[in-house]
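Written out below as structure tokens is the structure these notes cover.
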Amino acid sequence: MIKVNGLEFAYRKSPGKAIKGISFDIDDGEIFGFLGPSGAGKTTTQRIIIGLLRGYQGSVDVMGKERIMWGKDIFEKIGVAFDFPNLYEKLTAYENLALLGSYYKNNSLDKDQLLDSVGLLADRDKRVEKFSKGMKMRLNFIRSIMHDPEILFFDEPTSGLDPVNGKIIRDMILDFKKKGKTVFLTTHNMNEADYLCDRVAFIVEGTIPVIDNPGELKIKYGQKSVKVSFNGDGKLQEEFFPLSGIGRNSRFLEVLNQDCVRTIHTQEATLEDIFIKLTGRELL
Amino acid sequence: MRIVNALKADVRFQFKQGFYLVYILLTLIYMVILGVLPVEWKSTIIPLVLFSDPSMVGFFFIGALVMLEKVQGVLQYVVVTPLRSLEYLLAKVFSLTILAIVATVMITLATYGYDLNWFLLIIGVILTSSFFVFFGFIVAVRCTTLNQYFIRMIPYLLFIVLPCFSLIGFPYDWLFNIFPSVAGLKLVYGAFKGIDFLSAAAYSVYLLLANLVIAHYVEKIFDRMATEGA
Ligand SMILES: Nc1ncnc2c1ncn2[C@@H]1O[C@H](COP(=O)(O)OP(=O)(O)OP(=O)(O)O)[C@@H](O)[C@H]1O
Ligand SMILES: [Mg+2]
């Protein structure tokens with residue numbers, strides 16, 4: 001669906017390169033995640049593929065054609081939700097959808113049903129200026145999918161949403177995948193990426209050191225461990241032990257034999273731990 | 001049709017933002033003032049108002065319109081729909097020009113009557129209005145807030161409006177015909193005071209060309225703005 005090769009990009013007014021030669025492919029029907037700290041180049045890369053930044057080097061192939069060769073018709077096939085839910089403040093939720101919706105050939109999805117799917121049907125005729133940030137995020141989200149596009153670009157789609165609404169959006173994203181759509185997602189949220197993405201790319205300072213399946217990454221780089229908390233020297237203590245060879249770990253056995261264990265948990269490295277380990281950077 | 005939908009969207013947006021209320025009020029004020037004017041001044045003052053109204057309103061309204069879209073950040077979302085830049089621009093030009101024509105007809109009928117060259121008047125208003133909408137767009141593209149627009153437009157406005165004073169009789173005043181605003185004003189005056197066919201045709205064609213050139217230029221700067229993150 002999307003093939004990026006040797007992509008480089010510099011903003012006109014800034015000295016260095018924001019993107020320094022990245023390559024990746026996104027397959028048909030895949031949920032692909034871009035993970036990285038603030039300023040890494042997530043939004044920049046998405047905007048280049050969407051077609052909002054020109055003058056890049058390298059190649060960006062979208063649906064079999066170089067991005068700059070596409071005209072406006074490409075927007076019949078792609079849907080975009082930027083990281084800011086900007087809407088017509090004086091128009092109602094429904095009017096907002098209807099206004100931009102009228103520019104698409106495919107206007108077949110039922111807008112009330114879409115509003116309902118994110119819990120906004122009751123607010124259908126309310127002006128957007130009266131909406132909370134979370135409501136705007138949800139409206140912004142369905143606005144990006146109302147023309148039933150093939151590729152979806154989401155920039156931090158759940159940031160600022162409460163857990164219930166965050167889950168609604170995540171479930172909808174998984175639904176697109178079921179329908180065979182391709183999703184390109186950026187996020188700071190490792191748990192979300194782990195839950196949603198078929199593959200993730202770690203992006204740091206305009207480069208991509210790692211691209212892999214989250215499960216694979218955890219097997220390759222994440223060591224499972226056992227966390228034991230116990231009473232020792234009159235206070236509660238915690239120690240970690242590698243899961244492999246735990247039965248032969250003398251210190252572990254010693255702690256167990258002291259008969260003062262409070263809890264024992266196995267732990268898996270999170271994607272976040274692996275990110276820090278591989279890139280040496282925190283995900284802020 | 002995308003462009004018709006864009007036109008509808010603009011009309012709805014302008015309505016909701018209260019543009020039409022402002023315009024109706026303005027038109028009523030014009031009507032009252034022009035209505036009490038001594039008859040012998042009417043054929044001089046009314047064309048001036050009819051020229052300044054669509055041009056100024058086009059210029060101010062397009063600025064306000066684009067700035068409102070910019071400030072609300074919705075332009076970024078318009079840009080990722082299949083709507084073409086030219087369709088976006090023409091929808092704005094059409095919606096504001098229709099407004100100008102309606103106001104022109106109402107003011108003229110209420111304060112002057114129907115004894116004038118309507119065809120020329122409408123042509124003059126259409127070409128003037130659309131030119132000023134495009135012209136205002138050039139300023140709006142470079143601004144990020146409404147206040148900034150109201151300050152930055154002043155030199156642009158002076159540049160295009162001052163030459164109109166050449167009509168009161170300057171040496172070499174034909175030189176000022178190079179300004180599209182002057183050509184528009186002469187057409188509107190011609191509708192009231194009479195004008196020979198050749199001059200009317202020349203001004204019309206010139207103004208039309210000016211519109212095509214500025215439309216092409218504005219389309220280009222709009223595209224550039226859209227791809228640099230509006
Ligand atoms: N319009 C711009 N002009 C100049 N430099 C920019 C512009 N937008 C971004 N940058 C720079 O490009 C780099 C990448 O920014 P980008 O917005 O792509 O990061 P990001 O990964 O999306 O970060 P975040 O998580 O904060 O959204 C940063 O160094 C940033 O300062
Ligand atoms: Mg970003």
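Convention: chains lettered A, B, ... in structure tokens order; per-chain residue numbering from 1; ligands numbered from 1 as shown.
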Given only C-alpha atoms, how would the per-residue table for chain B near chain A read, listing every residue at most 12 Å away with its closest atom pair and distance in Å to one decimal, sorted by chain and number, as a tab-separated table?
```
residue	atom	partner	partner_atom	distance
B:Met1	CA	A:Tyr103	CA	8.1
B:Arg2	CA	A:Tyr103	CA	5.2
B:Ile3	CA	A:Tyr103	CA	8.2
B:Val4	CA	A:Ser102	CA	9.4
B:Asn5	CA	A:Ser102	CA	6.0
B:Ala6	CA	A:Tyr103	CA	7.4
B:Leu7	CA	A:Leu99	CA	10.4
B:Lys8	CA	A:Leu99	CA	8.6
B:Ala9	CA	A:Leu99	CA	5.9
B:Asp10	CA	A:Leu99	CA	9.2
B:Val11	CA	A:Leu99	CA	11.1
B:Arg12	CA	A:Leu91	CA	8.9
B:Phe13	CA	A:Leu91	CA	7.8
B:Gln14	CA	A:Lys90	CA	10.2
B:Phe15	CA	A:Lys90	CA	10.0
B:Lys16	CA	A:Lys90	CA	6.4
B:Gln17	CA	A:Lys90	CA	7.0
B:Gly18	CA	A:Lys90	CA	10.2
B:Leu65	CA	A:Tyr88	CA	12.0
B:Leu68	CA	A:Tyr88	CA	9.2
B:Glu69	CA	A:Tyr88	CA	7.8
B:Lys70	CA	A:Asn86	CA	9.9
B:Val71	CA	A:Asn86	CA	9.4
B:Gln72	CA	A:Asn86	CA	6.1
B:Gly73	CA	A:Asn86	CA	5.3
B:Val74	CA	A:Asn86	CA	5.5
B:Leu75	CA	A:Asn86	CA	8.9
B:Gln76	CA	A:Asn86	CA	8.4
B:Tyr77	CA	A:Asn86	CA	7.8
B:Val78	CA	A:Leu100	CA	6.9
B:Val79	CA	A:Leu52	CA	8.4
B:Val80	CA	A:Phe75	CA	6.0
B:Thr81	CA	A:Phe75	CA	5.3
B:Pro82	CA	A:Lys72	CA	4.9
B:Leu83	CA	A:Tyr103	CA	5.9
B:Arg84	CA	A:Lys72	CA	6.7
B:Ser85	CA	A:Lys72	CA	9.3
B:Leu86	CA	A:Lys72	CA	11.6
B:Glu87	CA	A:Tyr103	CA	10.4
B:Tyr88	CA	A:Tyr103	CA	10.4
B:Asp223	CA	A:Leu52	CA	9.7
B:Arg224	CA	A:Arg54	CA	9.2
B:Met225	CA	A:Leu52	CA	9.5
B:Ala226	CA	A:Leu52	CA	6.8
B:Thr227	CA	A:Leu52	CA	4.3
B:Glu228	CA	A:Leu53	CA	5.8
B:Gly229	CA	A:Leu52	CA	6.7
B:Ala230	CA	A:Leu52	CA	9.3
```
Just want the 12 Å neighbourhood of Leu175 in chain B, counted on only C-alpha atoms, with same-chain residues fewer than 5 positions away dropped. Output as a PyMOL selection string. chain B and resi 163-164+166-167+169-170+180+182-183
Deliver the residues from the most recent selection as a file, using N, CA and C atoms, as a PDB file, in the first residue's frame.
```
ATOM      1  N   PRO B 163      -5.615  55.042  -6.680  1.00  0.00           N
ATOM      2  CA  PRO B 163      -5.656  55.439  -8.092  1.00  0.00           C
ATOM      3  C   PRO B 163      -7.054  55.835  -8.569  1.00  0.00           C
ATOM      4  N   CYS B 164      -8.077  55.403  -7.835  1.00  0.00           N
ATOM      5  CA  CYS B 164      -9.443  55.732  -8.242  1.00  0.00           C
ATOM      6  C   CYS B 164      -9.685  57.240  -8.208  1.00  0.00           C
ATOM      7  N   SER B 166      -8.020  59.351  -9.469  1.00  0.00           N
ATOM      8  CA  SER B 166      -7.652  59.937 -10.764  1.00  0.00           C
ATOM      9  C   SER B 166      -8.897  60.325 -11.554  1.00  0.00           C
ATOM     10  N   LEU B 167     -10.030  59.790 -11.187  1.00  0.00           N
ATOM     11  CA  LEU B 167     -11.262  60.088 -11.910  1.00  0.00           C
ATOM     12  C   LEU B 167     -11.683  61.543 -11.772  1.00  0.00           C
ATOM     13  N   GLY B 169      -9.912  63.848 -12.304  1.00  0.00           N
ATOM     14  CA  GLY B 169      -9.195  64.604 -13.312  1.00  0.00           C
ATOM     15  C   GLY B 169      -7.760  64.896 -12.940  1.00  0.00           C
ATOM     16  N   PHE B 170      -6.863  64.059 -13.418  1.00  0.00           N
ATOM     17  CA  PHE B 170      -5.431  64.240 -13.223  1.00  0.00           C
ATOM     18  C   PHE B 170      -4.814  64.417 -14.604  1.00  0.00           C
ATOM     19  N   PRO B 180      -6.903  47.710 -12.122  1.00  0.00           N
ATOM     20  CA  PRO B 180      -8.217  47.101 -12.369  1.00  0.00           C
ATOM     21  C   PRO B 180      -9.335  47.813 -11.609  1.00  0.00           C
ATOM     22  N   VAL B 182      -9.673  50.983 -11.143  1.00  0.00           N
ATOM     23  CA  VAL B 182     -10.091  52.152 -11.916  1.00  0.00           C
ATOM     24  C   VAL B 182     -11.009  51.721 -13.060  1.00  0.00           C
ATOM     25  N   ALA B 183     -10.634  50.633 -13.720  1.00  0.00           N
ATOM     26  CA  ALA B 183     -11.467  50.133 -14.817  1.00  0.00           C
ATOM     27  C   ALA B 183     -12.860  49.775 -14.295  1.00  0.00           C
TER      28      ALA B 183
END
```
What gap, in Å, lies between CA of Leu109 in chain A and CA of Asp83 in chain A?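 One can read the CA of Leu109 in chain A to CA of Asp83 in chain A distance as 23.6 Å.
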At most 6 Å is the cut-off: for each residue in chain A with any atom that close to an atom of ligand 1, write down the nearest atom pair and the distance in Å rounded to one decimal, counting only C-alpha atoms and all ligand atoms, chain first then increasing number, as a Markdown table.
```
| residue | atom | partner | partner_atom_place_in_ligand_line | distance |
| --- | --- | --- | --- | --- |
| A:Tyr11 | CA | ligand 1 | 4 (C) | 4.9 |
| A:Lys13 | CA | ligand 1 | 4 (C) | 5.9 |
| A:Ser14 | CA | ligand 1 | 4 (C) | 5.5 |
| A:Ala18 | CA | ligand 1 | 12 (O) | 4.5 |
| A:Pro37 | CA | ligand 1 | 25 (O) | 5.6 |
| A:Ser38 | CA | ligand 1 | 25 (O) | 3.5 |
| A:Gly39 | CA | ligand 1 | 19 (O) | 3.4 |
| A:Ala40 | CA | ligand 1 | 21 (O) | 3.8 |
| A:Gly41 | CA | ligand 1 | 18 (O) | 3.1 |
| A:Lys42 | CA | ligand 1 | 21 (O) | 3.7 |
| A:Thr43 | CA | ligand 1 | 22 (O) | 3.6 |
| A:Thr44 | CA | ligand 1 | 18 (O) | 3.6 |
```
Going by DSSP on the backbone, which bits of range 19-123 of chain B are helix (DSSP H, G or I)? Write them as a PyMOL selection string, please. chain B and resi 19-35+39-71+75-79+85-111+118-123
Rounded to one decimal in Å, what is the spacing between CA of Glu238 in chain A and CA of Asn257 in chain A?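 That distance, rounded to one decimal, is 15.5 Å.
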Members of range 12-184 of chain A assigned strand (DSSP E or B) by DSSP, as a PyMOL selection string: chain A and resi 19-26+31-35+57-62+65-66+78-81+92+127+151-155+182-184
Can you tell me which residues surround range 139-146 of chain B at a distance of at most 9 Å, considering only C-alpha atoms, apart from same-chain residues fewer than 3 positions away, and format the answer as a PDB file with all heavy atoms, in the first residue's frame?
```
ATOM      1  N   ILE B  62     -13.747  38.371   2.420  1.00  0.00           N
ATOM      2  CA  ILE B  62     -12.889  37.226   2.090  1.00  0.00           C
ATOM      3  C   ILE B  62     -11.803  37.097   3.148  1.00  0.00           C
ATOM      4  O   ILE B  62     -11.456  35.984   3.566  1.00  0.00           O
ATOM      5  CB  ILE B  62     -12.266  37.342   0.677  1.00  0.00           C
ATOM      6  CG1 ILE B  62     -11.562  36.035   0.299  1.00  0.00           C
ATOM      7  CG2 ILE B  62     -11.248  38.457   0.570  1.00  0.00           C
ATOM      8  CD1 ILE B  62     -12.470  34.854   0.158  1.00  0.00           C
ATOM      9  N   GLY B  63     -11.301  38.234   3.601  1.00  0.00           N
ATOM     10  CA  GLY B  63     -10.289  38.196   4.645  1.00  0.00           C
ATOM     11  C   GLY B  63     -10.838  37.535   5.895  1.00  0.00           C
ATOM     12  O   GLY B  63     -10.252  36.601   6.442  1.00  0.00           O
ATOM     13  N   ALA B  64     -12.003  38.021   6.325  1.00  0.00           N
ATOM     14  CA  ALA B  64     -12.615  37.475   7.532  1.00  0.00           C
ATOM     15  C   ALA B  64     -12.905  35.978   7.358  1.00  0.00           C
ATOM     16  O   ALA B  64     -12.655  35.165   8.245  1.00  0.00           O
ATOM     17  CB  ALA B  64     -13.903  38.227   7.845  1.00  0.00           C
ATOM     18  N   VAL B  66     -11.508  33.687   5.249  1.00  0.00           N
ATOM     19  CA  VAL B  66     -10.311  32.840   5.232  1.00  0.00           C
ATOM     20  C   VAL B  66      -9.664  32.803   6.614  1.00  0.00           C
ATOM     21  O   VAL B  66      -9.230  31.750   7.083  1.00  0.00           O
ATOM     22  CB  VAL B  66      -9.307  33.324   4.171  1.00  0.00           C
ATOM     23  CG1 VAL B  66      -8.012  32.544   4.253  1.00  0.00           C
ATOM     24  CG2 VAL B  66      -9.905  33.176   2.792  1.00  0.00           C
ATOM     25  N   MET B  67      -9.634  33.954   7.276  1.00  0.00           N
ATOM     26  CA  MET B  67      -9.017  33.973   8.601  1.00  0.00           C
ATOM     27  C   MET B  67      -9.806  33.113   9.585  1.00  0.00           C
ATOM     28  O   MET B  67      -9.227  32.408  10.404  1.00  0.00           O
ATOM     29  CB  MET B  67      -8.895  35.405   9.140  1.00  0.00           C
ATOM     30  CG  MET B  67      -7.918  36.298   8.404  1.00  0.00           C
ATOM     31  SD  MET B  67      -6.416  35.525   7.820  1.00  0.00           S
ATOM     32  CE  MET B  67      -5.668  35.112   9.357  1.00  0.00           C
ATOM     33  N   LEU B  68     -11.126  33.170   9.499  1.00  0.00           N
ATOM     34  CA  LEU B  68     -11.932  32.338  10.394  1.00  0.00           C
ATOM     35  C   LEU B  68     -11.640  30.856  10.166  1.00  0.00           C
ATOM     36  O   LEU B  68     -11.522  30.076  11.105  1.00  0.00           O
ATOM     37  CB  LEU B  68     -13.428  32.609  10.186  1.00  0.00           C
ATOM     38  CG  LEU B  68     -13.973  33.835  10.914  1.00  0.00           C
ATOM     39  CD1 LEU B  68     -15.404  34.126  10.470  1.00  0.00           C
ATOM     40  CD2 LEU B  68     -13.945  33.631  12.422  1.00  0.00           C
ATOM     41  N   LYS B  70      -8.888  29.683   8.884  1.00  0.00           N
ATOM     42  CA  LYS B  70      -7.505  29.448   9.294  1.00  0.00           C
ATOM     43  C   LYS B  70      -7.412  29.314  10.812  1.00  0.00           C
ATOM     44  O   LYS B  70      -6.786  28.402  11.323  1.00  0.00           O
ATOM     45  CB  LYS B  70      -6.635  30.614   8.838  1.00  0.00           C
ATOM     46  CG  LYS B  70      -5.756  30.305   7.658  1.00  0.00           C
ATOM     47  CD  LYS B  70      -4.802  31.477   7.447  1.00  0.00           C
ATOM     48  CE  LYS B  70      -3.635  31.086   6.593  1.00  0.00           C
ATOM     49  NZ  LYS B  70      -2.709  32.202   6.383  1.00  0.00           N
ATOM     50  N   VAL B  71      -8.026  30.284  11.512  1.00  0.00           N
ATOM     51  CA  VAL B  71      -7.937  30.296  12.965  1.00  0.00           C
ATOM     52  C   VAL B  71      -8.575  29.031  13.549  1.00  0.00           C
ATOM     53  O   VAL B  71      -8.069  28.432  14.491  1.00  0.00           O
ATOM     54  CB  VAL B  71      -8.606  31.571  13.540  1.00  0.00           C
ATOM     55  CG1 VAL B  71      -8.755  31.478  15.037  1.00  0.00           C
ATOM     56  CG2 VAL B  71      -7.784  32.797  13.166  1.00  0.00           C
ATOM     57  N   PHE B 135      -8.000  39.586  -4.528  1.00  0.00           N
ATOM     58  CA  PHE B 135      -6.983  40.498  -3.993  1.00  0.00           C
ATOM     59  C   PHE B 135      -6.904  40.368  -2.463  1.00  0.00           C
ATOM     60  O   PHE B 135      -5.820  40.294  -1.888  1.00  0.00           O
ATOM     61  CB  PHE B 135      -7.339  41.929  -4.407  1.00  0.00           C
ATOM     62  CG  PHE B 135      -6.238  42.916  -4.171  1.00  0.00           C
ATOM     63  CD1 PHE B 135      -5.040  42.824  -4.874  1.00  0.00           C
ATOM     64  CD2 PHE B 135      -6.395  43.945  -3.258  1.00  0.00           C
ATOM     65  CE1 PHE B 135      -4.027  43.734  -4.660  1.00  0.00           C
ATOM     66  CE2 PHE B 135      -5.379  44.867  -3.040  1.00  0.00           C
ATOM     67  CZ  PHE B 135      -4.192  44.758  -3.740  1.00  0.00           C
ATOM     68  N   GLY B 136      -8.063  40.309  -1.829  1.00  0.00           N
ATOM     69  CA  GLY B 136      -8.091  40.148  -0.373  1.00  0.00           C
ATOM     70  C   GLY B 136      -7.484  38.819   0.044  1.00  0.00           C
ATOM     71  O   GLY B 136      -6.862  38.697   1.103  1.00  0.00           O
ATOM     72  N   TYR B 149      -4.661  40.634   9.885  1.00  0.00           N
ATOM     73  CA  TYR B 149      -5.244  40.912   8.573  1.00  0.00           C
ATOM     74  C   TYR B 149      -5.683  42.360   8.467  1.00  0.00           C
ATOM     75  O   TYR B 149      -5.407  43.041   7.484  1.00  0.00           O
ATOM     76  CB  TYR B 149      -6.425  39.984   8.317  1.00  0.00           C
ATOM     77  CG  TYR B 149      -7.091  40.248   6.987  1.00  0.00           C
ATOM     78  CD1 TYR B 149      -6.506  39.807   5.801  1.00  0.00           C
ATOM     79  CD2 TYR B 149      -8.282  40.954   6.902  1.00  0.00           C
ATOM     80  CE1 TYR B 149      -7.082  40.057   4.587  1.00  0.00           C
ATOM     81  CE2 TYR B 149      -8.878  41.213   5.684  1.00  0.00           C
ATOM     82  CZ  TYR B 149      -8.273  40.762   4.523  1.00  0.00           C
ATOM     83  OH  TYR B 149      -8.856  41.029   3.320  1.00  0.00           O
ATOM     84  N   PHE B 150      -6.341  42.856   9.509  1.00  0.00           N
ATOM     85  CA  PHE B 150      -6.870  44.219   9.447  1.00  0.00           C
ATOM     86  C   PHE B 150      -5.760  45.262   9.392  1.00  0.00           C
ATOM     87  O   PHE B 150      -5.960  46.359   8.890  1.00  0.00           O
ATOM     88  CB  PHE B 150      -7.809  44.478  10.627  1.00  0.00           C
ATOM     89  CG  PHE B 150      -9.146  43.822  10.424  1.00  0.00           C
ATOM     90  CD1 PHE B 150      -9.661  42.951  11.366  1.00  0.00           C
ATOM     91  CD2 PHE B 150      -9.870  44.055   9.254  1.00  0.00           C
ATOM     92  CE1 PHE B 150     -10.889  42.335  11.155  1.00  0.00           C
ATOM     93  CE2 PHE B 150     -11.090  43.443   9.042  1.00  0.00           C
ATOM     94  CZ  PHE B 150     -11.602  42.581   9.994  1.00  0.00           C
ATOM     95  N   ILE B 151      -4.580  44.925   9.887  1.00  0.00           N
ATOM     96  CA  ILE B 151      -3.464  45.864   9.798  1.00  0.00           C
ATOM     97  C   ILE B 151      -2.738  45.722   8.463  1.00  0.00           C
ATOM     98  O   ILE B 151      -2.506  46.693   7.767  1.00  0.00           O
ATOM     99  CB  ILE B 151      -2.488  45.634  10.976  1.00  0.00           C
ATOM    100  CG1 ILE B 151      -3.208  46.022  12.274  1.00  0.00           C
ATOM    101  CG2 ILE B 151      -1.215  46.463  10.793  1.00  0.00           C
ATOM    102  CD1 ILE B 151      -2.460  45.636  13.523  1.00  0.00           C
ATOM    103  N   ARG B 152      -2.469  44.485   8.081  1.00  0.00           N
ATOM    104  CA  ARG B 152      -1.673  44.271   6.873  1.00  0.00           C
ATOM    105  C   ARG B 152      -2.390  44.658   5.593  1.00  0.00           C
ATOM    106  O   ARG B 152      -1.774  44.914   4.568  1.00  0.00           O
ATOM    107  CB  ARG B 152      -1.266  42.801   6.769  1.00  0.00           C
ATOM    108  CG  ARG B 152      -0.256  42.436   7.807  1.00  0.00           C
ATOM    109  CD  ARG B 152       0.685  41.386   7.284  1.00  0.00           C
ATOM    110  NE  ARG B 152       1.507  40.913   8.374  1.00  0.00           N
ATOM    111  CZ  ARG B 152       2.091  39.725   8.393  1.00  0.00           C
ATOM    112  NH1 ARG B 152       1.926  38.905   7.378  1.00  0.00           N
ATOM    113  NH2 ARG B 152       2.831  39.374   9.403  1.00  0.00           N
ATOM    114  N   MET B 153      -3.724  44.644   5.639  1.00  0.00           N
ATOM    115  CA  MET B 153      -4.446  44.934   4.405  1.00  0.00           C
ATOM    116  C   MET B 153      -4.369  46.422   4.037  1.00  0.00           C
ATOM    117  O   MET B 153      -4.594  46.776   2.893  1.00  0.00           O
ATOM    118  CB  MET B 153      -5.888  44.529   4.554  1.00  0.00           C
ATOM    119  CG  MET B 153      -6.513  45.243   5.705  1.00  0.00           C
ATOM    120  SD  MET B 153      -8.254  45.310   5.558  1.00  0.00           S
ATOM    121  CE  MET B 153      -8.493  46.901   6.289  1.00  0.00           C
ATOM    122  N   TYR B 156      -2.208  47.424   1.060  1.00  0.00           N
ATOM    123  CA  TYR B 156      -2.769  46.808  -0.146  1.00  0.00           C
ATOM    124  C   TYR B 156      -3.990  47.595  -0.619  1.00  0.00           C
ATOM    125  O   TYR B 156      -4.188  47.860  -1.802  1.00  0.00           O
ATOM    126  CB  TYR B 156      -3.192  45.361   0.137  1.00  0.00           C
ATOM    127  CG  TYR B 156      -2.042  44.402   0.273  1.00  0.00           C
ATOM    128  CD1 TYR B 156      -1.384  44.241   1.477  1.00  0.00           C
ATOM    129  CD2 TYR B 156      -1.621  43.631  -0.809  1.00  0.00           C
ATOM    130  CE1 TYR B 156      -0.331  43.361   1.617  1.00  0.00           C
ATOM    131  CE2 TYR B 156      -0.572  42.745  -0.691  1.00  0.00           C
ATOM    132  CZ  TYR B 156       0.075  42.604   0.530  1.00  0.00           C
ATOM    133  OH  TYR B 156       1.107  41.736   0.654  1.00  0.00           O
ATOM    134  N   ILE B 221      -0.576  30.444  -4.942  1.00  0.00           N
ATOM    135  CA  ILE B 221      -0.155  30.697  -3.554  1.00  0.00           C
ATOM    136  C   ILE B 221      -1.001  29.890  -2.574  1.00  0.00           C
ATOM    137  O   ILE B 221      -0.528  29.494  -1.526  1.00  0.00           O
ATOM    138  CB  ILE B 221      -0.142  32.203  -3.167  1.00  0.00           C
ATOM    139  CG1 ILE B 221      -1.493  32.854  -3.368  1.00  0.00           C
ATOM    140  CG2 ILE B 221       0.934  32.958  -3.891  1.00  0.00           C
ATOM    141  CD1 ILE B 221      -1.522  34.294  -2.851  1.00  0.00           C
ATOM    142  N   PHE B 222      -2.240  29.615  -2.956  1.00  0.00           N
ATOM    143  CA  PHE B 222      -3.074  28.789  -2.078  1.00  0.00           C
ATOM    144  C   PHE B 222      -2.508  27.374  -1.979  1.00  0.00           C
ATOM    145  O   PHE B 222      -2.418  26.793  -0.898  1.00  0.00           O
ATOM    146  CB  PHE B 222      -4.512  28.755  -2.583  1.00  0.00           C
ATOM    147  CG  PHE B 222      -5.416  27.917  -1.724  1.00  0.00           C
ATOM    148  CD1 PHE B 222      -5.895  28.410  -0.522  1.00  0.00           C
ATOM    149  CD2 PHE B 222      -5.760  26.626  -2.094  1.00  0.00           C
ATOM    150  CE1 PHE B 222      -6.713  27.645   0.284  1.00  0.00           C
ATOM    151  CE2 PHE B 222      -6.579  25.855  -1.291  1.00  0.00           C
ATOM    152  CZ  PHE B 222      -7.058  26.359  -0.105  1.00  0.00           C
ATOM    153  N   MET B 225       0.516  27.418   0.191  1.00  0.00           N
ATOM    154  CA  MET B 225       0.148  27.505   1.600  1.00  0.00           C
ATOM    155  C   MET B 225      -0.349  26.146   2.108  1.00  0.00           C
ATOM    156  O   MET B 225       0.018  25.701   3.189  1.00  0.00           O
ATOM    157  CB  MET B 225      -0.953  28.548   1.771  1.00  0.00           C
ATOM    158  CG  MET B 225      -1.520  28.612   3.162  1.00  0.00           C
ATOM    159  SD  MET B 225      -2.888  29.781   3.259  1.00  0.00           S
ATOM    160  CE  MET B 225      -4.217  28.808   2.595  1.00  0.00           C
ATOM    161  N   ALA B 230      -1.083  24.790   6.534  1.00  0.00           N
ATOM    162  CA  ALA B 230      -1.848  26.038   6.671  1.00  0.00           C
ATOM    163  C   ALA B 230      -1.883  26.509   8.122  1.00  0.00           C
ATOM    164  O   ALA B 230      -2.038  25.721   9.016  1.00  0.00           O
ATOM    165  CB  ALA B 230      -3.262  25.831   6.178  1.00  0.00           C
TER     166      ALA B 230
END
```
As a ChimeraX atom specification, please: the residues near Leu271 in chain A (cut-off 9 Å, only C-alpha atoms, same-chain neighbours under 6 positions excluded). /A:190-191,193-194,214-215,217-218,222
Emit the selected residues as a PDB file, in the first residue's frame, including C-alpha atoms.
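The resulting result10.pdb:
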```pdb
ATOM      1  CA  MET A 190       3.296   2.035  23.916  1.00  0.00           C
ATOM      2  CA  ASN A 191       0.475  -0.016  25.345  1.00  0.00           C
ATOM      3  CA  ALA A 193       0.735   0.385  19.950  1.00  0.00           C
ATOM      4  CA  ASP A 194       1.276  -3.035  21.456  1.00  0.00           C
ATOM      5  CA  PRO A 214       5.489  -6.045  18.907  1.00  0.00           C
ATOM      6  CA  GLY A 215       5.301  -9.708  19.990  1.00  0.00           C
ATOM      7  CA  LEU A 217      10.269  -7.571  19.792  1.00  0.00           C
ATOM      8  CA  LYS A 218       9.254  -8.785  23.201  1.00  0.00           C
ATOM      9  CA  GLY A 222      12.394  -8.582  26.429  1.00  0.00           C
TER      10      GLY A 222
END
```
At a cut-off of 8 Å, using only C-alpha atoms, what residues contact Asn5 in chain A? Leave out same-chain residues fewer than 3 positions from it and give the result as a PyMOL selection string. chain A and resi 21-24+58-60
Keeping only C-alpha atoms, take the residues you just selected and write them out as a PDB file, in the first residue's frame.
```pdb
ATOM      1  CA  GLY A  21      16.714   8.734   5.166  1.00  0.00           C
ATOM      2  CA  ILE A  22      14.008   6.390   6.407  1.00  0.00           C
ATOM      3  CA  SER A  23      12.596   3.342   4.627  1.00  0.00           C
ATOM      4  CA  PHE A  24       9.588   1.193   5.442  1.00  0.00           C
ATOM      5  CA  GLY A  58      13.695   9.622  -1.812  1.00  0.00           C
ATOM      6  CA  SER A  59      10.529   7.888  -2.916  1.00  0.00           C
ATOM      7  CA  VAL A  60       7.077   7.642  -1.406  1.00  0.00           C
TER       8      VAL A  60
END
```
Quick one: residues within 10 Å of Lys224 in chain A, only C-alpha atoms, excluding same-chain residues fewer than 4 positions away - as a PyMOL selection string? chain A and resi 218-219+240-244+266-270
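Using only C-alpha atoms and all ligand atoms, the nearest neighbour of ligand 2 within the list A:Ser108, A:Asn213, A:Ser250, A:Thr187 is A:Thr187.
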